[in-house]
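Reviewing the structure listed below.
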Amino acid sequence: MLEVRGITQRFGGVTALDDVSFTIQGGGITGIIGPNGAGKTTLFNIVTGIYTPTAGTVLLDGRNVTRLAPEKLATLGMVRTFQNIELFGKMTVLENVMVGLHTKGKSGIFASALRAPWQMAEERRLRERALHWLEFTGIADLADVDAANLPFGKGRLLEIARSMALEPKLILMDEPAAGLNSRETLELARLIQKIRESGVTVALVEHDMELVMDICEAIVVLNLGRTLAQGTPREIQENPDVIAAYLGEG
Ligand SMILES: Nc1ncnc2c1ncn2[C@@H]1O[C@H](COP(=O)(O)OP(=O)(O)OP(=O)(O)O)[C@@H](O)[C@H]1O
């Protein structure tokens, strides 16, 4: 589904990624891990269209998407969530999901007060769709709360609801468990599995090793800007190079 081929990224004299290649198979949950400074964030930003790499190619279903902007990638079925939650604080939870849907719809959410009947119908349709994704992520009871008043963990779920509402084929999550307590992390794990069961491929960059080992079928390990290993959780846990890289960090 997603193929990363020979990605190199230099920032001035720093080589953040050096000829990184791997494949993410459709239908599963893939974890991208690695010690601090391994290049995970840089890779994530390249794959999701924030950075243009110094060299290399990103293919989505065989199509070269290397230089495409995030909005374009979303229309091709690839969306991302952010580590630092980016919500519209003064809008309700429901409106936060609707805003994303409006970019697909015919009228803007702030369309004039003189709404045509077709606009009203569209608004209703978007509202129902947005509500569906709040139900999917388990936060429908918070639909009318201002996003600014959401507890942090619920904000993360809203981020995921917003991304899922775009009905992607592939969702990339940037450290989805960062800042969550153990109960919230468990809730997140079940949600990610539910997303996969709904037919959407998931890839996550994550520091929480327990979560990665628990839910991922495949793991890619980066170290010092290179692909150190790729395999199942068990293969990765037993890989001497991986163990050495993490011990070296501690
Ligand atoms: N904009 C930038 N300018 C210069 N150097 C950068 C930039 N972004 C990242 N780097 C460097 O590239 C390397 C990889 O950083 P990156 O943030 O991608 O690693 P990471 O695996 O995400 O680390 P962490 O787990 O600590 O978030 C580091 O040496 C970092 O200092």
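Letters for chains follow the order of the structure tokens (A, B, ...), residue numbers begin at 1 for each chain, and ligand numbers begin at 1 in the order shown.
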
Which residues, written as a VMD selection string, have at least one atom at most 8 Å from Asp241 (chain A), with only C-alpha atoms counted and residues fewer than 2 positions away on the same chain left out? chain A and resid 228 to 229 239 243 to 245

Can you spit out the residues from that selection as a PDB file, in the first residue's frame, using all heavy atoms?
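The resulting file, part.pdb, is reproduced below:
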```pdb
ATOM      1  N   LEU A 228      16.863  -0.067  10.585  1.00  0.00           N
ATOM      2  CA  LEU A 228      17.674  -1.047  11.312  1.00  0.00           C
ATOM      3  C   LEU A 228      17.085  -2.442  11.178  1.00  0.00           C
ATOM      4  O   LEU A 228      17.803  -3.436  11.063  1.00  0.00           O
ATOM      5  CB  LEU A 228      17.744  -0.642  12.787  1.00  0.00           C
ATOM      6  CG  LEU A 228      18.616  -1.496  13.693  1.00  0.00           C
ATOM      7  CD1 LEU A 228      20.083  -1.349  13.320  1.00  0.00           C
ATOM      8  CD2 LEU A 228      18.415  -1.090  15.146  1.00  0.00           C
ATOM      9  N   ALA A 229      15.765  -2.540  11.216  1.00  0.00           N
ATOM     10  CA  ALA A 229      15.109  -3.853  11.141  1.00  0.00           C
ATOM     11  C   ALA A 229      13.647  -3.673  10.758  1.00  0.00           C
ATOM     12  O   ALA A 229      13.073  -2.605  10.944  1.00  0.00           O
ATOM     13  CB  ALA A 229      15.202  -4.553  12.488  1.00  0.00           C
ATOM     14  N   ASN A 239      15.655  -9.246  18.058  1.00  0.00           N
ATOM     15  CA  ASN A 239      16.719  -8.826  17.136  1.00  0.00           C
ATOM     16  C   ASN A 239      17.883  -8.185  17.919  1.00  0.00           C
ATOM     17  O   ASN A 239      17.698  -7.155  18.579  1.00  0.00           O
ATOM     18  CB  ASN A 239      16.122  -7.831  16.127  1.00  0.00           C
ATOM     19  CG  ASN A 239      17.106  -7.413  15.063  1.00  0.00           C
ATOM     20  OD1 ASN A 239      18.232  -7.037  15.369  1.00  0.00           O
ATOM     21  ND2 ASN A 239      16.682  -7.482  13.815  1.00  0.00           N
ATOM     22  N   ILE A 243      18.067  -4.551  20.077  1.00  0.00           N
ATOM     23  CA  ILE A 243      18.359  -4.527  21.518  1.00  0.00           C
ATOM     24  C   ILE A 243      19.566  -3.622  21.784  1.00  0.00           C
ATOM     25  O   ILE A 243      19.537  -2.767  22.665  1.00  0.00           O
ATOM     26  CB  ILE A 243      18.617  -5.967  22.036  1.00  0.00           C
ATOM     27  CG1 ILE A 243      17.320  -6.794  21.889  1.00  0.00           C
ATOM     28  CG2 ILE A 243      19.090  -5.957  23.491  1.00  0.00           C
ATOM     29  CD1 ILE A 243      17.498  -8.294  22.059  1.00  0.00           C
ATOM     30  N   ALA A 244      20.605  -3.771  20.959  1.00  0.00           N
ATOM     31  CA  ALA A 244      21.820  -2.960  21.137  1.00  0.00           C
ATOM     32  C   ALA A 244      21.517  -1.470  20.947  1.00  0.00           C
ATOM     33  O   ALA A 244      21.993  -0.632  21.714  1.00  0.00           O
ATOM     34  CB  ALA A 244      22.890  -3.415  20.147  1.00  0.00           C
ATOM     35  N   ALA A 245      20.694  -1.143  19.953  1.00  0.00           N
ATOM     36  CA  ALA A 245      20.377   0.265  19.670  1.00  0.00           C
ATOM     37  C   ALA A 245      19.648   0.893  20.858  1.00  0.00           C
ATOM     38  O   ALA A 245      19.955   2.019  21.269  1.00  0.00           O
ATOM     39  CB  ALA A 245      19.521   0.376  18.414  1.00  0.00           C
TER      40      ALA A 245
END
```

Pick out the residues no farther than 7 Å from ligand 1, counting only C-alpha atoms and all ligand atoms, and list them as a PyMOL selection string. chain A and resi 11-12+14-16+34-43+225

Could you pull out the helix (DSSP H, G or I) residues of region 43-103 of chain A, going by DSSP on the backbone, and write them as JSON, numbers by chain? {"A": [43, 44, 45, 46, 47, 70, 71, 72, 73, 74, 75, 93, 94, 95, 96, 97, 98, 99, 100, 101, 102]}

Members of region 1-249 of chain A assigned strand (DSSP E or B) by DSSP, as a PyMOL selection string: chain A and resi 2-11+14-24+29-33+55-60+63-64+78-81+92+146+170-174+201-205+218-223+226-231

Can you list, as an mmCIF file with N, CA and C atoms, in the first residue's frame, every protein, DNA or RNA residue that comes within 9 Å of region 79-96 of chain A when you count only C-alpha atoms, leaving out same-chain residues fewer than 5 positions away?
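Contents of part09.cif, as written:
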```cif
data_model
loop_
_atom_site.group_PDB
_atom_site.id
_atom_site.type_symbol
_atom_site.label_atom_id
_atom_site.label_comp_id
_atom_site.auth_asym_id
_atom_site.auth_seq_id
_atom_site.Cartn_x
_atom_site.Cartn_y
_atom_site.Cartn_z
ATOM 1 N N THR A 48 3.916 12.266 4.865
ATOM 2 C CA THR A 48 2.630 12.966 4.875
ATOM 3 C C THR A 48 2.660 14.305 4.113
ATOM 4 N N PRO A 70 -0.381 17.707 1.867
ATOM 5 C CA PRO A 70 -1.264 16.895 2.704
ATOM 6 C C PRO A 70 -2.721 16.856 2.224
ATOM 7 N N GLU A 71 -3.239 17.986 1.752
ATOM 8 C CA GLU A 71 -4.656 18.031 1.321
ATOM 9 C C GLU A 71 -4.861 17.110 0.121
ATOM 10 N N LEU A 73 -2.981 14.509 -0.610
ATOM 11 C CA LEU A 73 -2.824 13.133 -0.127
ATOM 12 C C LEU A 73 -4.131 12.635 0.500
ATOM 13 N N ALA A 74 -4.826 13.542 1.191
ATOM 14 C CA ALA A 74 -6.105 13.161 1.813
ATOM 15 C C ALA A 74 -7.113 12.741 0.748
ATOM 16 N N ILE A 109 -18.787 26.188 5.930
ATOM 17 C CA ILE A 109 -19.559 26.158 7.177
ATOM 18 C C ILE A 109 -20.024 27.563 7.546
ATOM 19 N N ARG A 127 -23.763 16.827 9.375
ATOM 20 C CA ARG A 127 -23.919 16.694 10.817
ATOM 21 C C ARG A 127 -24.061 15.206 11.190
ATOM 22 N N ALA A 130 -20.729 13.441 10.686
ATOM 23 C CA ALA A 130 -19.786 13.804 11.754
ATOM 24 C C ALA A 130 -20.148 13.056 13.034
ATOM 25 N N LEU A 131 -21.436 12.986 13.332
ATOM 26 C CA LEU A 131 -21.895 12.303 14.533
ATOM 27 C C LEU A 131 -21.543 10.818 14.474
ATOM 28 N N LEU A 134 -18.072 10.467 15.608
ATOM 29 C CA LEU A 134 -17.940 10.655 17.065
ATOM 30 C C LEU A 134 -18.391 9.397 17.786
ATOM 31 N N ILE A 139 -16.957 9.286 21.484
ATOM 32 C CA ILE A 139 -17.083 10.600 22.142
ATOM 33 C C ILE A 139 -18.351 11.342 21.716
ATOM 34 N N ALA A 140 -19.354 10.591 21.256
ATOM 35 C CA ALA A 140 -20.600 11.234 20.790
ATOM 36 C C ALA A 140 -21.288 12.016 21.917
ATOM 37 N N LEU A 142 -19.990 13.925 23.874
ATOM 38 C CA LEU A 142 -19.321 15.225 24.026
ATOM 39 C C LEU A 142 -19.550 16.129 22.815
ATOM 40 N N ALA A 143 -20.456 15.733 21.926
ATOM 41 C CA ALA A 143 -20.651 16.438 20.644
ATOM 42 C C ALA A 143 -20.821 17.952 20.793
ATOM 43 N N ASP A 144 -21.526 18.387 21.841
ATOM 44 C CA ASP A 144 -21.841 19.817 21.966
ATOM 45 C C ASP A 144 -20.888 20.589 22.880
ATOM 46 N N VAL A 145 -19.874 19.915 23.367
ATOM 47 C CA VAL A 145 -18.885 20.575 24.240
ATOM 48 C C VAL A 145 -17.900 21.366 23.376
ATOM 49 N N ASP A 146 -17.478 22.548 23.853
ATOM 50 C CA ASP A 146 -16.435 23.285 23.135
ATOM 51 C C ASP A 146 -15.138 22.470 23.175
ATOM 52 N N ALA A 147 -14.471 22.381 22.035
ATOM 53 C CA ALA A 147 -13.254 21.566 21.959
ATOM 54 C C ALA A 147 -12.217 22.020 22.990
ATOM 55 N N ALA A 148 -12.201 23.332 23.289
ATOM 56 C CA ALA A 148 -11.226 23.867 24.252
ATOM 57 C C ALA A 148 -11.418 23.257 25.641
ATOM 58 N N ASN A 149 -12.645 22.811 25.940
ATOM 59 C CA ASN A 149 -12.933 22.273 27.281
ATOM 60 C C ASN A 149 -12.771 20.763 27.369
ATOM 61 N N LEU A 150 -12.291 20.153 26.306
ATOM 62 C CA LEU A 150 -12.138 18.689 26.307
ATOM 63 C C LEU A 150 -10.923 18.273 27.130
ATOM 64 N N PHE A 152 -7.593 16.222 27.692
ATOM 65 C CA PHE A 152 -6.566 15.953 26.677
ATOM 66 C C PHE A 152 -6.807 14.643 25.915
ATOM 67 N N GLY A 155 -9.469 14.839 23.405
ATOM 68 C CA GLY A 155 -9.031 15.638 22.248
ATOM 69 C C GLY A 155 -8.305 14.770 21.230
ATOM 70 N N ARG A 156 -7.526 13.835 21.728
ATOM 71 C CA ARG A 156 -6.821 12.918 20.852
ATOM 72 C C ARG A 156 -7.828 12.065 20.065
ATOM 73 N N LEU A 158 -10.839 12.960 19.331
ATOM 74 C CA LEU A 158 -11.484 13.856 18.360
ATOM 75 C C LEU A 158 -10.605 14.025 17.113
ATOM 76 N N GLU A 159 -9.312 14.158 17.335
ATOM 77 C CA GLU A 159 -8.365 14.224 16.206
ATOM 78 C C GLU A 159 -8.542 13.015 15.286
ATOM 79 N N ILE A 160 -8.664 11.852 15.914
ATOM 80 C CA ILE A 160 -8.815 10.618 15.142
ATOM 81 C C ILE A 160 -10.172 10.612 14.430
ATOM 82 N N ARG A 162 -11.823 13.174 13.388
ATOM 83 C CA ARG A 162 -11.713 14.108 12.261
ATOM 84 C C ARG A 162 -11.015 13.482 11.071
ATOM 85 N N SER A 163 -9.962 12.726 11.342
ATOM 86 C CA SER A 163 -9.225 12.080 10.258
ATOM 87 C C SER A 163 -10.058 10.964 9.627
ATOM 88 N N MET A 164 -10.724 10.188 10.464
ATOM 89 C CA MET A 164 -11.523 9.066 9.954
ATOM 90 C C MET A 164 -12.709 9.539 9.133
ATOM 91 N N LEU A 166 -12.727 11.640 6.981
ATOM 92 C CA LEU A 166 -12.295 11.834 5.585
ATOM 93 C C LEU A 166 -12.277 10.501 4.834
ATOM 94 N N GLU A 167 -12.643 9.439 5.551
ATOM 95 C CA GLU A 167 -12.758 8.090 4.990
ATOM 96 C C GLU A 167 -11.511 7.660 4.208
ATOM 97 N N PRO A 168 -10.377 7.625 4.938
ATOM 98 C CA PRO A 168 -9.114 7.273 4.293
ATOM 99 C C PRO A 168 -8.955 5.769 4.071
ATOM 100 N N LYS A 169 -7.949 5.425 3.272
ATOM 101 C CA LYS A 169 -7.526 4.021 3.131
ATOM 102 C C LYS A 169 -6.413 3.744 4.137
ATOM 103 N N LEU A 170 -5.647 4.820 4.406
ATOM 104 C CA LEU A 170 -4.473 4.715 5.279
ATOM 105 C C LEU A 170 -4.455 5.901 6.237
ATOM 106 N N ILE A 171 -4.333 5.602 7.512
ATOM 107 C CA ILE A 171 -4.232 6.685 8.502
ATOM 108 C C ILE A 171 -2.881 6.571 9.199
ATOM 109 N N LEU A 172 -2.145 7.684 9.223
ATOM 110 C CA LEU A 172 -0.840 7.717 9.886
ATOM 111 C C LEU A 172 -0.988 8.516 11.171
ATOM 112 N N MET A 173 -0.525 7.933 12.262
ATOM 113 C CA MET A 173 -0.674 8.604 13.552
ATOM 114 C C MET A 173 0.696 8.940 14.135
ATOM 115 N N ASP A 174 0.850 10.201 14.531
ATOM 116 C CA ASP A 174 2.115 10.656 15.104
ATOM 117 C C ASP A 174 2.028 10.563 16.626
ATOM 118 N N GLU A 175 2.673 9.572 17.197
ATOM 119 C CA GLU A 175 2.682 9.333 18.647
ATOM 120 C C GLU A 175 1.299 9.481 19.281
ATOM 121 N N PRO A 176 0.360 8.624 18.867
ATOM 122 C CA PRO A 176 -1.008 8.771 19.379
ATOM 123 C C PRO A 176 -1.146 8.582 20.886
ATOM 124 N N ALA A 177 -0.209 7.854 21.512
ATOM 125 C CA ALA A 177 -0.339 7.608 22.961
ATOM 126 C C ALA A 177 0.381 8.655 23.809
ATOM 127 N N ALA A 178 1.076 9.597 23.167
ATOM 128 C CA ALA A 178 1.837 10.596 23.932
ATOM 129 C C ALA A 178 0.897 11.383 24.853
#
```

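Non-sequential neighbours of Asp61 (chain A) (distance at most 9 Å, separation of 6 or more positions within a chain, only C-alpha atoms) are Met1, Leu2 and Glu3 of chain A.
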
Residues just named, written with N, CA and C atoms as a CSV table (one decimal), in the first residue's frame:
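So the final result, stored in part-v9.csv, reads:
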```csv
chain,number,residue,atom,x,y,z
A,1,MET,N,0.8,-1.2,0.0
A,1,MET,CA,0.0,0.0,0.0
A,1,MET,C,0.9,1.3,0.0
A,2,LEU,N,1.8,1.3,1.0
A,2,LEU,CA,2.7,2.5,1.1
A,2,LEU,C,4.1,2.0,0.9
A,3,GLU,N,4.8,2.6,0.0
A,3,GLU,CA,6.2,2.1,-0.2
A,3,GLU,C,7.1,3.4,-0.1
```

CA of Gly27 (chain A) to CA of Val202 (chain A), straight-line distance in Å: 7.7 Å

What's the 12 Å shell around Lys72 (chain A), counting only C-alpha atoms, without same-chain residues fewer than 4 positions away, as a PDB file with all heavy atoms, in the first residue's frame?
```pdb
ATOM      1  N   THR A  48       3.916  12.266   4.865  1.00  0.00           N
ATOM      2  CA  THR A  48       2.630  12.966   4.875  1.00  0.00           C
ATOM      3  C   THR A  48       2.660  14.305   4.113  1.00  0.00           C
ATOM      4  O   THR A  48       1.724  15.086   4.198  1.00  0.00           O
ATOM      5  CB  THR A  48       2.149  13.200   6.319  1.00  0.00           C
ATOM      6  OG1 THR A  48       3.169  13.911   7.037  1.00  0.00           O
ATOM      7  CG2 THR A  48       1.890  11.884   7.030  1.00  0.00           C
ATOM      8  N   GLY A  49       3.737  14.547   3.393  1.00  0.00           N
ATOM      9  CA  GLY A  49       3.757  15.690   2.484  1.00  0.00           C
ATOM     10  C   GLY A  49       4.128  17.025   3.098  1.00  0.00           C
ATOM     11  O   GLY A  49       3.968  18.075   2.474  1.00  0.00           O
ATOM     12  N   ILE A  50       4.641  17.021   4.337  1.00  0.00           N
ATOM     13  CA  ILE A  50       5.036  18.283   4.980  1.00  0.00           C
ATOM     14  C   ILE A  50       6.427  18.695   4.490  1.00  0.00           C
ATOM     15  O   ILE A  50       6.682  19.864   4.240  1.00  0.00           O
ATOM     16  CB  ILE A  50       5.037  18.137   6.516  1.00  0.00           C
ATOM     17  CG1 ILE A  50       3.732  17.492   6.988  1.00  0.00           C
ATOM     18  CG2 ILE A  50       5.349  19.451   7.207  1.00  0.00           C
ATOM     19  CD1 ILE A  50       2.672  18.350   7.558  1.00  0.00           C
ATOM     20  N   VAL A  65       3.772   9.817  -4.850  1.00  0.00           N
ATOM     21  CA  VAL A  65       3.099  10.915  -4.147  1.00  0.00           C
ATOM     22  C   VAL A  65       4.117  11.795  -3.408  1.00  0.00           C
ATOM     23  O   VAL A  65       3.751  12.577  -2.529  1.00  0.00           O
ATOM     24  CB  VAL A  65       2.040  10.372  -3.153  1.00  0.00           C
ATOM     25  CG1 VAL A  65       0.922   9.648  -3.885  1.00  0.00           C
ATOM     26  CG2 VAL A  65       2.661   9.451  -2.093  1.00  0.00           C
ATOM     27  N   THR A  66       5.386  11.680  -3.770  1.00  0.00           N
ATOM     28  CA  THR A  66       6.470  12.324  -3.003  1.00  0.00           C
ATOM     29  C   THR A  66       6.297  13.824  -2.792  1.00  0.00           C
ATOM     30  O   THR A  66       6.577  14.314  -1.723  1.00  0.00           O
ATOM     31  CB  THR A  66       7.830  12.066  -3.681  1.00  0.00           C
ATOM     32  OG1 THR A  66       7.872  10.724  -4.116  1.00  0.00           O
ATOM     33  CG2 THR A  66       8.977  12.333  -2.725  1.00  0.00           C
ATOM     34  N   ARG A  67       5.845  14.506  -3.799  1.00  0.00           N
ATOM     35  CA  ARG A  67       5.798  15.961  -3.642  1.00  0.00           C
ATOM     36  C   ARG A  67       4.377  16.506  -3.465  1.00  0.00           C
ATOM     37  O   ARG A  67       4.135  17.695  -3.640  1.00  0.00           O
ATOM     38  CB  ARG A  67       6.490  16.625  -4.832  1.00  0.00           C
ATOM     39  CG  ARG A  67       7.985  16.619  -4.636  1.00  0.00           C
ATOM     40  CD  ARG A  67       8.798  16.962  -5.833  1.00  0.00           C
ATOM     41  NE  ARG A  67      10.209  16.758  -5.512  1.00  0.00           N
ATOM     42  CZ  ARG A  67      10.815  15.572  -5.489  1.00  0.00           C
ATOM     43  NH1 ARG A  67      10.134  14.470  -5.797  1.00  0.00           N
ATOM     44  NH2 ARG A  67      12.077  15.470  -5.165  1.00  0.00           N
ATOM     45  N   LEU A  68       3.461  15.643  -3.093  1.00  0.00           N
ATOM     46  CA  LEU A  68       2.075  16.090  -2.955  1.00  0.00           C
ATOM     47  C   LEU A  68       1.818  16.665  -1.561  1.00  0.00           C
ATOM     48  O   LEU A  68       2.343  16.172  -0.565  1.00  0.00           O
ATOM     49  CB  LEU A  68       1.110  14.934  -3.235  1.00  0.00           C
ATOM     50  CG  LEU A  68       1.208  14.311  -4.638  1.00  0.00           C
ATOM     51  CD1 LEU A  68       0.093  13.291  -4.831  1.00  0.00           C
ATOM     52  CD2 LEU A  68       1.126  15.389  -5.722  1.00  0.00           C
ATOM     53  N   LEU A  76      -6.414  11.331  -1.924  1.00  0.00           N
ATOM     54  CA  LEU A  76      -5.981  10.027  -2.446  1.00  0.00           C
ATOM     55  C   LEU A  76      -6.119   8.928  -1.375  1.00  0.00           C
ATOM     56  O   LEU A  76      -5.755   7.785  -1.611  1.00  0.00           O
ATOM     57  CB  LEU A  76      -4.525  10.099  -2.914  1.00  0.00           C
ATOM     58  CG  LEU A  76      -4.252  11.030  -4.098  1.00  0.00           C
ATOM     59  CD1 LEU A  76      -2.756  11.076  -4.410  1.00  0.00           C
ATOM     60  CD2 LEU A  76      -5.028  10.581  -5.328  1.00  0.00           C
ATOM     61  N   GLY A  77      -6.599   9.305  -0.188  1.00  0.00           N
ATOM     62  CA  GLY A  77      -6.894   8.296   0.821  1.00  0.00           C
ATOM     63  C   GLY A  77      -5.876   8.165   1.936  1.00  0.00           C
ATOM     64  O   GLY A  77      -5.925   7.221   2.721  1.00  0.00           O
ATOM     65  N   MET A  78      -4.940   9.127   2.037  1.00  0.00           N
ATOM     66  CA  MET A  78      -3.958   9.050   3.130  1.00  0.00           C
ATOM     67  C   MET A  78      -4.102  10.275   4.037  1.00  0.00           C
ATOM     68  O   MET A  78      -3.951  11.401   3.569  1.00  0.00           O
ATOM     69  CB  MET A  78      -2.541   8.990   2.564  1.00  0.00           C
ATOM     70  CG  MET A  78      -1.492   8.882   3.638  1.00  0.00           C
ATOM     71  SD  MET A  78       0.086   8.340   2.972  1.00  0.00           S
ATOM     72  CE  MET A  78       0.852   9.899   2.650  1.00  0.00           C
ATOM     73  N   VAL A  79      -4.405  10.039   5.306  1.00  0.00           N
ATOM     74  CA  VAL A  79      -4.555  11.152   6.250  1.00  0.00           C
ATOM     75  C   VAL A  79      -3.618  10.947   7.435  1.00  0.00           C
ATOM     76  O   VAL A  79      -3.099   9.857   7.635  1.00  0.00           O
ATOM     77  CB  VAL A  79      -6.012  11.280   6.768  1.00  0.00           C
ATOM     78  CG1 VAL A  79      -6.976  11.527   5.624  1.00  0.00           C
ATOM     79  CG2 VAL A  79      -6.422  10.045   7.564  1.00  0.00           C
ATOM     80  N   THR A 103     -14.777  20.736   3.548  1.00  0.00           N
ATOM     81  CA  THR A 103     -13.833  20.937   2.444  1.00  0.00           C
ATOM     82  C   THR A 103     -14.215  20.023   1.280  1.00  0.00           C
ATOM     83  O   THR A 103     -13.875  20.276   0.149  1.00  0.00           O
ATOM     84  CB  THR A 103     -12.383  20.632   2.876  1.00  0.00           C
ATOM     85  OG1 THR A 103     -12.337  19.280   3.307  1.00  0.00           O
ATOM     86  CG2 THR A 103     -11.933  21.550   3.983  1.00  0.00           C
ATOM     87  N   LYS A 104     -14.963  18.953   1.601  1.00  0.00           N
ATOM     88  CA  LYS A 104     -15.412  18.045   0.555  1.00  0.00           C
ATOM     89  C   LYS A 104     -16.775  18.480   0.015  1.00  0.00           C
ATOM     90  O   LYS A 104     -17.133  18.186  -1.119  1.00  0.00           O
ATOM     91  CB  LYS A 104     -15.576  16.633   1.124  1.00  0.00           C
ATOM     92  CG  LYS A 104     -14.292  15.891   1.347  1.00  0.00           C
ATOM     93  CD  LYS A 104     -14.617  14.508   1.843  1.00  0.00           C
ATOM     94  CE  LYS A 104     -13.636  13.478   1.299  1.00  0.00           C
ATOM     95  NZ  LYS A 104     -14.039  12.125   1.671  1.00  0.00           N
TER      96      LYS A 104
END
```

Fewer than 6 positions away in the same chain doesn't count, so skip those; otherwise give me all residues within 6 Å of region 209-224 of chain A, counting only C-alpha atoms, as a PyMOL selection string. chain A and resi 29-34+38+230-233

Would you mind reading off the distance between CA of Thr23 (chain A) and CA of Gly6 (chain A), one decimal, in Å? 11.4 Å
